[in-house]
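Text of the file target.txt, holding compact mmCIF, N, CA and C atoms:
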```txt
# COMPACT_ATOMS: atom_id res chain seq x y z
N MET D 2 -2.04 -10.14 7.82
CA MET D 2 -2.86 -8.93 7.84
C MET D 2 -4.25 -9.21 8.39
N GLN D 3 -4.86 -10.33 7.98
CA GLN D 3 -6.22 -10.61 8.41
C GLN D 3 -6.32 -10.73 9.93
N CYS D 4 -5.33 -11.33 10.56
CA CYS D 4 -5.41 -11.57 12.00
C CYS D 4 -4.73 -10.49 12.83
N ASN D 5 -4.19 -9.47 12.19
CA ASN D 5 -3.70 -8.26 12.87
C ASN D 5 -2.58 -8.49 13.89
N TYR D 6 -1.56 -9.20 13.49
CA TYR D 6 -0.37 -9.36 14.33
C TYR D 6 0.66 -8.30 13.93
N TRP D 7 0.27 -7.06 14.05
CA TRP D 7 1.09 -5.95 13.55
C TRP D 7 2.35 -5.72 14.37
N GLU D 8 2.42 -6.24 15.59
CA GLU D 8 3.66 -6.12 16.37
C GLU D 8 4.77 -6.96 15.73
N GLN D 9 4.43 -7.85 14.80
CA GLN D 9 5.41 -8.66 14.09
C GLN D 9 5.73 -8.11 12.69
N ALA D 10 5.25 -6.94 12.38
CA ALA D 10 5.37 -6.40 11.02
C ALA D 10 6.82 -6.32 10.54
N ASP D 11 7.75 -6.05 11.42
CA ASP D 11 9.15 -5.94 10.99
C ASP D 11 9.71 -7.28 10.52
N GLN D 12 9.07 -8.39 10.89
CA GLN D 12 9.49 -9.71 10.43
C GLN D 12 9.00 -10.01 9.02
N TRP D 13 7.90 -9.36 8.60
CA TRP D 13 7.22 -9.73 7.36
C TRP D 13 7.19 -8.62 6.32
N LEU D 14 7.39 -7.36 6.72
CA LEU D 14 7.35 -6.23 5.80
C LEU D 14 8.66 -5.48 5.84
N SER D 15 9.16 -5.07 4.67
CA SER D 15 10.36 -4.23 4.65
C SER D 15 10.01 -2.85 5.20
N GLU D 16 11.02 -2.13 5.65
CA GLU D 16 10.77 -0.79 6.19
C GLU D 16 10.21 0.15 5.12
N ARG D 17 10.68 0.03 3.88
CA ARG D 17 10.23 0.93 2.80
C ARG D 17 8.91 0.49 2.18
N TYR D 18 8.36 -0.64 2.50
CA TYR D 18 7.16 -1.24 1.94
C TYR D 18 6.38 -0.27 1.05
N ILE D 19 6.45 -0.50 -0.25
CA ILE D 19 5.76 0.36 -1.23
C ILE D 19 4.33 -0.14 -1.38
N GLN D 20 3.38 0.73 -1.13
CA GLN D 20 1.96 0.38 -1.16
C GLN D 20 1.29 1.08 -2.34
N HIS D 21 0.84 0.31 -3.32
CA HIS D 21 0.14 0.86 -4.48
C HIS D 21 -1.37 0.83 -4.21
N HIS D 22 -1.82 1.63 -3.30
CA HIS D 22 -3.23 1.73 -2.93
C HIS D 22 -3.51 3.21 -2.72
N PRO D 23 -4.56 3.74 -3.34
CA PRO D 23 -4.79 5.19 -3.28
C PRO D 23 -5.12 5.74 -1.89
N ALA D 24 -5.48 4.87 -0.94
CA ALA D 24 -5.88 5.37 0.38
C ALA D 24 -4.82 5.15 1.46
N VAL D 25 -3.70 4.51 1.11
CA VAL D 25 -2.71 4.14 2.12
C VAL D 25 -1.33 4.61 1.68
N GLN D 26 -0.59 5.25 2.58
CA GLN D 26 0.76 5.70 2.28
C GLN D 26 1.74 4.54 2.41
N SER D 27 2.79 4.58 1.59
CA SER D 27 3.85 3.58 1.66
C SER D 27 4.63 3.71 2.97
N GLY D 28 5.42 2.69 3.26
CA GLY D 28 6.22 2.65 4.48
C GLY D 28 5.60 1.72 5.50
N ARG D 29 6.42 0.84 6.09
CA ARG D 29 5.91 -0.13 7.07
C ARG D 29 5.14 0.55 8.20
N ASP D 30 5.67 1.63 8.75
CA ASP D 30 4.99 2.30 9.87
C ASP D 30 3.61 2.81 9.47
N ASN D 31 3.47 3.33 8.25
CA ASN D 31 2.17 3.81 7.77
C ASN D 31 1.18 2.66 7.58
N ILE D 32 1.67 1.53 7.09
CA ILE D 32 0.81 0.36 6.90
C ILE D 32 0.30 -0.14 8.25
N VAL D 33 1.20 -0.25 9.21
CA VAL D 33 0.82 -0.71 10.55
C VAL D 33 -0.22 0.24 11.15
N LYS D 34 0.01 1.52 11.04
CA LYS D 34 -0.94 2.51 11.59
C LYS D 34 -2.30 2.39 10.91
N TYR D 35 -2.32 2.28 9.59
CA TYR D 35 -3.58 2.19 8.84
C TYR D 35 -4.38 0.95 9.24
N PHE D 36 -3.72 -0.21 9.25
CA PHE D 36 -4.45 -1.45 9.51
C PHE D 36 -4.69 -1.72 11.00
N SER D 37 -4.02 -1.01 11.87
CA SER D 37 -4.24 -1.18 13.31
C SER D 37 -5.39 -0.33 13.83
N ALA D 38 -5.88 0.58 13.03
CA ALA D 38 -6.91 1.53 13.46
C ALA D 38 -8.31 0.90 13.47
N GLY D 39 -9.11 1.30 14.42
CA GLY D 39 -10.55 1.02 14.46
C GLY D 39 -10.93 -0.44 14.32
N LYS D 40 -11.94 -0.70 13.52
CA LYS D 40 -12.51 -2.05 13.39
C LYS D 40 -11.55 -3.04 12.74
N ARG D 41 -10.53 -2.54 12.06
CA ARG D 41 -9.57 -3.43 11.42
C ARG D 41 -8.68 -4.14 12.44
N ALA D 42 -8.70 -3.70 13.68
CA ALA D 42 -7.74 -4.19 14.68
C ALA D 42 -8.14 -5.49 15.37
N ALA D 43 -9.26 -6.10 15.05
CA ALA D 43 -9.69 -7.34 15.71
C ALA D 43 -8.69 -8.47 15.41
N ARG D 44 -8.34 -9.25 16.45
CA ARG D 44 -7.41 -10.37 16.30
C ARG D 44 -8.17 -11.64 15.96
N CYS D 45 -7.49 -12.58 15.35
CA CYS D 45 -8.09 -13.89 15.08
C CYS D 45 -7.01 -14.96 15.23
N ASP D 46 -7.42 -16.19 15.36
CA ASP D 46 -6.49 -17.30 15.54
C ASP D 46 -6.21 -18.06 14.25
N LYS D 47 -7.08 -17.89 13.24
CA LYS D 47 -6.88 -18.59 11.97
C LYS D 47 -7.43 -17.74 10.83
N LEU D 48 -6.89 -17.99 9.66
CA LEU D 48 -7.36 -17.27 8.47
C LEU D 48 -8.71 -17.82 8.05
N THR D 49 -9.62 -16.92 7.68
CA THR D 49 -10.95 -17.35 7.26
C THR D 49 -11.28 -16.93 5.84
N MET D 50 -10.42 -16.14 5.21
CA MET D 50 -10.70 -15.71 3.85
C MET D 50 -10.57 -16.92 2.92
N PRO D 51 -11.61 -17.22 2.14
CA PRO D 51 -11.58 -18.42 1.28
C PRO D 51 -10.57 -18.27 0.14
N LEU D 52 -9.48 -18.97 0.24
CA LEU D 52 -8.40 -18.92 -0.72
C LEU D 52 -8.80 -19.65 -2.01
N VAL D 53 -8.58 -18.99 -3.14
CA VAL D 53 -8.85 -19.61 -4.44
C VAL D 53 -7.54 -20.17 -5.01
N THR D 54 -6.48 -19.35 -5.04
CA THR D 54 -5.20 -19.80 -5.56
C THR D 54 -4.07 -18.88 -5.13
N VAL D 55 -2.86 -19.40 -5.14
CA VAL D 55 -1.65 -18.63 -4.92
C VAL D 55 -0.79 -18.80 -6.17
N LEU D 56 -0.31 -17.68 -6.70
CA LEU D 56 0.49 -17.68 -7.92
C LEU D 56 1.86 -17.10 -7.61
N THR D 57 2.92 -17.68 -8.15
CA THR D 57 4.25 -17.14 -7.93
C THR D 57 5.01 -17.07 -9.25
N SER D 58 5.87 -16.07 -9.36
CA SER D 58 6.76 -15.93 -10.50
C SER D 58 7.97 -15.13 -10.03
N GLY D 59 9.10 -15.79 -9.83
CA GLY D 59 10.29 -15.11 -9.33
C GLY D 59 10.03 -14.53 -7.95
N ASP D 60 10.19 -13.21 -7.82
CA ASP D 60 10.00 -12.56 -6.52
C ASP D 60 8.58 -12.04 -6.31
N ILE D 61 7.65 -12.40 -7.19
CA ILE D 61 6.25 -11.95 -7.11
C ILE D 61 5.37 -13.09 -6.61
N VAL D 62 4.52 -12.78 -5.62
CA VAL D 62 3.53 -13.72 -5.10
C VAL D 62 2.16 -13.07 -5.20
N GLY D 63 1.22 -13.76 -5.83
CA GLY D 63 -0.16 -13.28 -5.94
C GLY D 63 -1.11 -14.22 -5.23
N VAL D 64 -2.13 -13.65 -4.59
CA VAL D 64 -3.12 -14.44 -3.87
C VAL D 64 -4.51 -14.01 -4.33
N VAL D 65 -5.32 -15.00 -4.70
CA VAL D 65 -6.70 -14.76 -5.11
C VAL D 65 -7.61 -15.40 -4.08
N PHE D 66 -8.60 -14.64 -3.59
CA PHE D 66 -9.55 -15.21 -2.65
C PHE D 66 -10.96 -14.71 -2.94
N ARG D 67 -11.93 -15.48 -2.45
CA ARG D 67 -13.35 -15.20 -2.68
C ARG D 67 -13.86 -14.21 -1.64
N MET D 68 -14.65 -13.26 -2.09
CA MET D 68 -15.25 -12.27 -1.19
C MET D 68 -16.75 -12.24 -1.42
N GLU D 69 -17.49 -12.01 -0.35
CA GLU D 69 -18.95 -11.86 -0.44
C GLU D 69 -19.33 -10.50 0.11
N TYR D 70 -20.16 -9.78 -0.65
CA TYR D 70 -20.58 -8.43 -0.28
C TYR D 70 -22.09 -8.30 -0.36
N ASP D 71 -22.61 -7.28 0.32
CA ASP D 71 -24.02 -6.94 0.14
C ASP D 71 -24.21 -6.42 -1.27
N HIS D 72 -25.27 -6.85 -1.93
CA HIS D 72 -25.53 -6.43 -3.31
C HIS D 72 -26.04 -4.99 -3.30
N PRO D 73 -25.37 -4.08 -4.00
CA PRO D 73 -25.77 -2.67 -3.95
C PRO D 73 -27.12 -2.36 -4.59
N GLN D 74 -27.57 -3.17 -5.55
CA GLN D 74 -28.86 -2.92 -6.20
C GLN D 74 -29.98 -3.83 -5.70
N LYS D 75 -29.64 -4.80 -4.87
CA LYS D 75 -30.63 -5.76 -4.40
C LYS D 75 -30.54 -5.89 -2.88
N PRO D 76 -31.19 -4.98 -2.15
CA PRO D 76 -31.12 -5.00 -0.68
C PRO D 76 -31.45 -6.38 -0.11
N GLY D 77 -30.66 -6.79 0.86
CA GLY D 77 -30.87 -8.08 1.51
C GLY D 77 -30.21 -9.25 0.80
N GLN D 78 -29.65 -9.01 -0.40
CA GLN D 78 -28.99 -10.07 -1.14
C GLN D 78 -27.48 -9.85 -1.14
N LYS D 79 -26.76 -10.91 -1.36
CA LYS D 79 -25.30 -10.88 -1.42
C LYS D 79 -24.85 -11.20 -2.84
N TYR D 80 -23.60 -10.85 -3.13
CA TYR D 80 -22.97 -11.30 -4.37
C TYR D 80 -21.55 -11.72 -4.06
N THR D 81 -21.01 -12.61 -4.88
CA THR D 81 -19.67 -13.14 -4.68
C THR D 81 -18.77 -12.68 -5.81
N THR D 82 -17.55 -12.32 -5.45
CA THR D 82 -16.54 -11.92 -6.43
C THR D 82 -15.18 -12.39 -5.93
N ILE D 83 -14.13 -12.05 -6.64
CA ILE D 83 -12.80 -12.39 -6.16
C ILE D 83 -12.02 -11.13 -5.85
N TRP D 84 -11.01 -11.27 -5.03
CA TRP D 84 -10.09 -10.19 -4.68
C TRP D 84 -8.69 -10.70 -4.99
N TYR D 85 -7.82 -9.78 -5.39
CA TYR D 85 -6.45 -10.16 -5.76
C TYR D 85 -5.46 -9.26 -5.05
N ASP D 86 -4.47 -9.85 -4.41
CA ASP D 86 -3.35 -9.13 -3.81
C ASP D 86 -2.07 -9.68 -4.41
N GLN D 87 -1.10 -8.80 -4.62
CA GLN D 87 0.20 -9.21 -5.16
C GLN D 87 1.31 -8.50 -4.42
N TRP D 88 2.38 -9.25 -4.09
CA TRP D 88 3.51 -8.70 -3.37
C TRP D 88 4.80 -9.01 -4.10
N ARG D 89 5.78 -8.10 -4.00
CA ARG D 89 7.16 -8.38 -4.38
C ARG D 89 7.89 -8.72 -3.08
N ILE D 90 8.58 -9.84 -3.07
CA ILE D 90 9.30 -10.29 -1.89
C ILE D 90 10.79 -9.99 -2.07
N VAL D 91 11.38 -9.31 -1.10
CA VAL D 91 12.80 -8.97 -1.12
C VAL D 91 13.41 -9.39 0.22
N ASP D 92 14.43 -10.22 0.16
CA ASP D 92 15.10 -10.70 1.38
C ASP D 92 14.12 -11.30 2.39
N GLY D 93 13.14 -12.06 1.89
CA GLY D 93 12.20 -12.75 2.76
C GLY D 93 11.07 -11.90 3.32
N ARG D 94 10.98 -10.62 2.91
CA ARG D 94 9.92 -9.73 3.42
C ARG D 94 9.13 -9.14 2.25
N ALA D 95 7.88 -8.88 2.49
CA ALA D 95 7.07 -8.17 1.50
C ALA D 95 7.61 -6.75 1.38
N ASP D 96 7.94 -6.34 0.17
CA ASP D 96 8.57 -5.04 -0.07
C ASP D 96 7.69 -4.11 -0.91
N GLU D 97 6.75 -4.69 -1.62
CA GLU D 97 5.87 -3.89 -2.48
C GLU D 97 4.55 -4.63 -2.63
N HIS D 98 3.45 -3.89 -2.70
CA HIS D 98 2.12 -4.50 -2.72
C HIS D 98 1.20 -3.80 -3.71
N TRP D 99 0.43 -4.61 -4.43
CA TRP D 99 -0.62 -4.12 -5.31
C TRP D 99 -1.90 -4.89 -4.99
N ASP D 100 -3.04 -4.25 -5.13
CA ASP D 100 -4.30 -4.96 -5.00
C ASP D 100 -5.38 -4.23 -5.78
N ILE D 101 -6.53 -4.82 -5.78
CA ILE D 101 -7.70 -4.19 -6.37
C ILE D 101 -8.19 -3.19 -5.34
N SER D 102 -8.38 -1.94 -5.74
CA SER D 102 -8.78 -0.97 -4.74
C SER D 102 -9.59 0.15 -5.37
N GLN D 103 -10.30 0.84 -4.52
CA GLN D 103 -11.09 1.99 -4.92
C GLN D 103 -10.80 3.11 -3.93
N LEU D 104 -10.95 4.32 -4.38
CA LEU D 104 -10.83 5.44 -3.46
C LEU D 104 -11.97 5.38 -2.46
N PRO D 105 -11.73 5.74 -1.22
CA PRO D 105 -12.81 5.74 -0.23
C PRO D 105 -13.85 6.81 -0.54
N ALA D 106 -15.06 6.60 -0.07
CA ALA D 106 -16.13 7.58 -0.26
C ALA D 106 -15.80 8.86 0.50
N ALA D 107 -16.27 9.97 -0.01
CA ALA D 107 -16.05 11.25 0.66
C ALA D 107 -16.77 11.25 2.01
N PRO D 108 -16.15 11.87 3.03
CA PRO D 108 -16.80 11.88 4.35
C PRO D 108 -18.08 12.71 4.36
```
Whole structure, structure tokens version:
Amino acid sequence: MQCNYWEQADQWLSERYIQHHPAVQSGRDNIVKYFSAGKRAARCDKLTMPLVTVLTSGDIVGVVFRMEYDHPQKPGQKYTTIWYDQWRIVDGRADEHWDISQLPAAP
């Protein structure tokens, strides 16, 4: 996802891909469309998100990584937190996804 190789999505995501995120519709085609749009579409050659840990249990895989954001109450300063993504793997493909998410701001 980070490097945007969405033309390979059928190799890594099931067609029904269930997305538990309030801003994104389920289905592989919807995921590809959402993440291929606008600034999200930049390609990269290597992953740069600082990985903290990978957790597995049966068909569930969880990934924790470090994120840095602008501090909302302290202009010019940053703060560090973690982000968590979890997938259910079915027949070698991601079939369901959960993450930490918020509804987008109103336009």
_Between atom C of Tyr80 (chain D) and CA of Pro23 (chain D) - distance in Å to one decimal_ = 23.8 Å
*Could you pull out all residues of chain D with a DSSP call of alpha helix (DSSP H) and give them as a list in words?*
Ala10, Asp11, Gln12, Trp13, Arg29, Asp30, Asn31, Ile32, Val33, Lys34, Tyr35, Phe36 and Ser37 of chain D
_CA of Gln3 (chain D) to atom C of Gln87 (chain D), straight-line distance in Å_ =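 Rounded to one decimal, the two atoms are 15.0 Å apart.
Between atom C of Arg67 (chain D) and CA of Lys47 (chain D) the separation is 15.9 Å.
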*Dump as a ChimeraX atom specification all residues having an atom at most 10 Å from (-8.4, -12.5, -3.5), computed in the file's coordinates with only C-alpha atoms.*
/D:50-55,63-68,82-87,100-101
Using the selection just defined, write its residues with N, CA and C atoms as a CSV table (one decimal), in the coordinates of the input.
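Listed below is the output, selection_39.csv:
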```csv
chain,number,residue,atom,x,y,z
D,50,MET,N,-10.4,-16.1,5.2
D,50,MET,CA,-10.7,-15.7,3.8
D,50,MET,C,-10.6,-16.9,2.9
D,51,PRO,N,-11.6,-17.2,2.1
D,51,PRO,CA,-11.6,-18.4,1.3
D,51,PRO,C,-10.6,-18.3,0.1
D,52,LEU,N,-9.5,-19.0,0.2
D,52,LEU,CA,-8.4,-18.9,-0.7
D,52,LEU,C,-8.8,-19.6,-2.0
D,53,VAL,N,-8.6,-19.0,-3.1
D,53,VAL,CA,-8.8,-19.6,-4.4
D,53,VAL,C,-7.5,-20.2,-5.0
D,54,THR,N,-6.5,-19.4,-5.0
D,54,THR,CA,-5.2,-19.8,-5.6
D,54,THR,C,-4.1,-18.9,-5.1
D,55,VAL,N,-2.9,-19.4,-5.1
D,55,VAL,CA,-1.6,-18.6,-4.9
D,55,VAL,C,-0.8,-18.8,-6.2
D,63,GLY,N,1.2,-13.8,-5.8
D,63,GLY,CA,-0.2,-13.3,-5.9
D,63,GLY,C,-1.1,-14.2,-5.2
D,64,VAL,N,-2.1,-13.6,-4.6
D,64,VAL,CA,-3.1,-14.4,-3.9
D,64,VAL,C,-4.5,-14.0,-4.3
D,65,VAL,N,-5.3,-15.0,-4.7
D,65,VAL,CA,-6.7,-14.8,-5.1
D,65,VAL,C,-7.6,-15.4,-4.1
D,66,PHE,N,-8.6,-14.6,-3.6
D,66,PHE,CA,-9.6,-15.2,-2.6
D,66,PHE,C,-11.0,-14.7,-2.9
D,67,ARG,N,-11.9,-15.5,-2.4
D,67,ARG,CA,-13.4,-15.2,-2.7
D,67,ARG,C,-13.9,-14.2,-1.6
D,68,MET,N,-14.6,-13.3,-2.1
D,68,MET,CA,-15.2,-12.3,-1.2
D,68,MET,C,-16.8,-12.2,-1.4
D,82,THR,N,-17.6,-12.3,-5.4
D,82,THR,CA,-16.5,-11.9,-6.4
D,82,THR,C,-15.2,-12.4,-5.9
D,83,ILE,N,-14.1,-12.0,-6.6
D,83,ILE,CA,-12.8,-12.4,-6.2
D,83,ILE,C,-12.0,-11.1,-5.8
D,84,TRP,N,-11.0,-11.3,-5.0
D,84,TRP,CA,-10.1,-10.2,-4.7
D,84,TRP,C,-8.7,-10.7,-5.0
D,85,TYR,N,-7.8,-9.8,-5.4
D,85,TYR,CA,-6.4,-10.2,-5.8
D,85,TYR,C,-5.5,-9.3,-5.0
D,86,ASP,N,-4.5,-9.8,-4.4
D,86,ASP,CA,-3.4,-9.1,-3.8
D,86,ASP,C,-2.1,-9.7,-4.4
D,87,GLN,N,-1.1,-8.8,-4.6
D,87,GLN,CA,0.2,-9.2,-5.2
D,87,GLN,C,1.3,-8.5,-4.4
D,100,ASP,N,-3.0,-4.2,-5.1
D,100,ASP,CA,-4.3,-5.0,-5.0
D,100,ASP,C,-5.4,-4.2,-5.8
D,101,ILE,N,-6.5,-4.8,-5.8
D,101,ILE,CA,-7.7,-4.2,-6.4
D,101,ILE,C,-8.2,-3.2,-5.3
```
*Check the smallest atom-to-atom distance from each of D:Tyr6, D:Tyr18, D:Trp13, D:Tyr70 to Glu97 (chain D) using only N, CA and C atoms, then report the winner.*
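Of D:Tyr6, D:Tyr18, D:Trp13, D:Tyr70, the one nearest Glu97 (chain D) is D:Tyr18, counting only N, CA and C atoms.
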Can you pull out the residues contacting Val62 (chain D)? Cut-off 7 Å, using only C-alpha atoms, and skip same-chain residues under 3 positions away; I want them as an mmCIF file with N, CA and C atoms, in the frame of the given file.
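around-v1.cif was written with the following content:
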```cif
data_model
loop_
_atom_site.group_PDB
_atom_site.id
_atom_site.type_symbol
_atom_site.label_atom_id
_atom_site.label_comp_id
_atom_site.auth_asym_id
_atom_site.auth_seq_id
_atom_site.Cartn_x
_atom_site.Cartn_y
_atom_site.Cartn_z
ATOM 1 N N LEU D 56 -0.310 -17.680 -6.700
ATOM 2 C CA LEU D 56 0.490 -17.680 -7.920
ATOM 3 C C LEU D 56 1.860 -17.100 -7.610
ATOM 4 N N THR D 57 2.920 -17.680 -8.150
ATOM 5 C CA THR D 57 4.250 -17.140 -7.930
ATOM 6 C C THR D 57 5.010 -17.070 -9.250
ATOM 7 N N SER D 58 5.870 -16.070 -9.360
ATOM 8 C CA SER D 58 6.760 -15.930 -10.500
ATOM 9 C C SER D 58 7.970 -15.130 -10.030
ATOM 10 N N GLN D 87 -1.100 -8.800 -4.620
ATOM 11 C CA GLN D 87 0.200 -9.210 -5.160
ATOM 12 C C GLN D 87 1.310 -8.500 -4.420
ATOM 13 N N TRP D 88 2.380 -9.250 -4.090
ATOM 14 C CA TRP D 88 3.510 -8.700 -3.370
ATOM 15 C C TRP D 88 4.800 -9.010 -4.100
ATOM 16 N N ARG D 89 5.780 -8.100 -4.000
ATOM 17 C CA ARG D 89 7.160 -8.380 -4.380
ATOM 18 C C ARG D 89 7.890 -8.720 -3.080
#
```
Take the point (-4.6, -4.8, 9.9) in the file's coordinates, draw a sphere of radius 8 Å around it, and report as a PDB file with N, CA and C atoms, keeping the file's coordinate frame every protein, DNA or RNA residue with an atom inside or on it, counting all atoms listed in the file.
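Once written, point.pdb looks like this:
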```
ATOM      1  N   MET D   2      -2.040 -10.140   7.820  1.00  0.00           N
ATOM      2  CA  MET D   2      -2.860  -8.930   7.840  1.00  0.00           C
ATOM      3  C   MET D   2      -4.250  -9.210   8.390  1.00  0.00           C
ATOM      4  N   GLN D   3      -4.860 -10.330   7.980  1.00  0.00           N
ATOM      5  CA  GLN D   3      -6.220 -10.610   8.410  1.00  0.00           C
ATOM      6  C   GLN D   3      -6.320 -10.730   9.930  1.00  0.00           C
ATOM      7  N   CYS D   4      -5.330 -11.330  10.560  1.00  0.00           N
ATOM      8  CA  CYS D   4      -5.410 -11.570  12.000  1.00  0.00           C
ATOM      9  C   CYS D   4      -4.730 -10.490  12.830  1.00  0.00           C
ATOM     10  N   ASN D   5      -4.190  -9.470  12.190  1.00  0.00           N
ATOM     11  CA  ASN D   5      -3.700  -8.260  12.870  1.00  0.00           C
ATOM     12  C   ASN D   5      -2.580  -8.490  13.890  1.00  0.00           C
ATOM     13  N   TYR D   6      -1.560  -9.200  13.490  1.00  0.00           N
ATOM     14  CA  TYR D   6      -0.370  -9.360  14.330  1.00  0.00           C
ATOM     15  C   TYR D   6       0.660  -8.300  13.930  1.00  0.00           C
ATOM     16  N   TRP D   7       0.270  -7.060  14.050  1.00  0.00           N
ATOM     17  CA  TRP D   7       1.090  -5.950  13.550  1.00  0.00           C
ATOM     18  C   TRP D   7       2.350  -5.720  14.370  1.00  0.00           C
ATOM     19  N   ILE D  32       1.670   1.530   7.090  1.00  0.00           N
ATOM     20  CA  ILE D  32       0.810   0.360   6.900  1.00  0.00           C
ATOM     21  C   ILE D  32       0.300  -0.140   8.250  1.00  0.00           C
ATOM     22  N   VAL D  33       1.200  -0.250   9.210  1.00  0.00           N
ATOM     23  CA  VAL D  33       0.820  -0.710  10.550  1.00  0.00           C
ATOM     24  C   VAL D  33      -0.220   0.240  11.150  1.00  0.00           C
ATOM     25  N   LYS D  34       0.010   1.520  11.040  1.00  0.00           N
ATOM     26  CA  LYS D  34      -0.940   2.510  11.590  1.00  0.00           C
ATOM     27  C   LYS D  34      -2.300   2.390  10.910  1.00  0.00           C
ATOM     28  N   TYR D  35      -2.320   2.280   9.590  1.00  0.00           N
ATOM     29  CA  TYR D  35      -3.580   2.190   8.840  1.00  0.00           C
ATOM     30  C   TYR D  35      -4.380   0.950   9.240  1.00  0.00           C
ATOM     31  N   PHE D  36      -3.720  -0.210   9.250  1.00  0.00           N
ATOM     32  CA  PHE D  36      -4.450  -1.450   9.510  1.00  0.00           C
ATOM     33  C   PHE D  36      -4.690  -1.720  11.000  1.00  0.00           C
ATOM     34  N   SER D  37      -4.020  -1.010  11.870  1.00  0.00           N
ATOM     35  CA  SER D  37      -4.240  -1.180  13.310  1.00  0.00           C
ATOM     36  C   SER D  37      -5.390  -0.330  13.830  1.00  0.00           C
ATOM     37  N   ALA D  38      -5.880   0.580  13.030  1.00  0.00           N
ATOM     38  CA  ALA D  38      -6.910   1.530  13.460  1.00  0.00           C
ATOM     39  C   ALA D  38      -8.310   0.900  13.470  1.00  0.00           C
ATOM     40  N   LYS D  40     -11.940  -0.700  13.520  1.00  0.00           N
ATOM     41  CA  LYS D  40     -12.510  -2.050  13.390  1.00  0.00           C
ATOM     42  C   LYS D  40     -11.550  -3.040  12.740  1.00  0.00           C
ATOM     43  N   ARG D  41     -10.530  -2.540  12.060  1.00  0.00           N
ATOM     44  CA  ARG D  41      -9.570  -3.430  11.420  1.00  0.00           C
ATOM     45  C   ARG D  41      -8.680  -4.140  12.440  1.00  0.00           C
ATOM     46  N   ALA D  42      -8.700  -3.700  13.680  1.00  0.00           N
ATOM     47  CA  ALA D  42      -7.740  -4.190  14.680  1.00  0.00           C
ATOM     48  C   ALA D  42      -8.140  -5.490  15.370  1.00  0.00           C
ATOM     49  N   ALA D  43      -9.260  -6.100  15.050  1.00  0.00           N
ATOM     50  CA  ALA D  43      -9.690  -7.340  15.710  1.00  0.00           C
ATOM     51  C   ALA D  43      -8.690  -8.470  15.410  1.00  0.00           C
TER      52      ALA D  43
END
```
*asked:* Under the rule that only C-alpha atoms are counted, which of D:Arg29, D:Glu69, D:Pro76, D:Ser102 is the nearest residue to Gln12 (chain D)?
replied: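 Looking only at the distances to Gln12 (chain D), the closest residue turns out to be D:Arg29.
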*Could you pull out the residues in chain D that DSSP calls strand (DSSP E or B) from the backbone, as an NGL selection string?*
:D and (14-22 or 25 or 52-58 or 61-71 or 79-91 or 94-100)
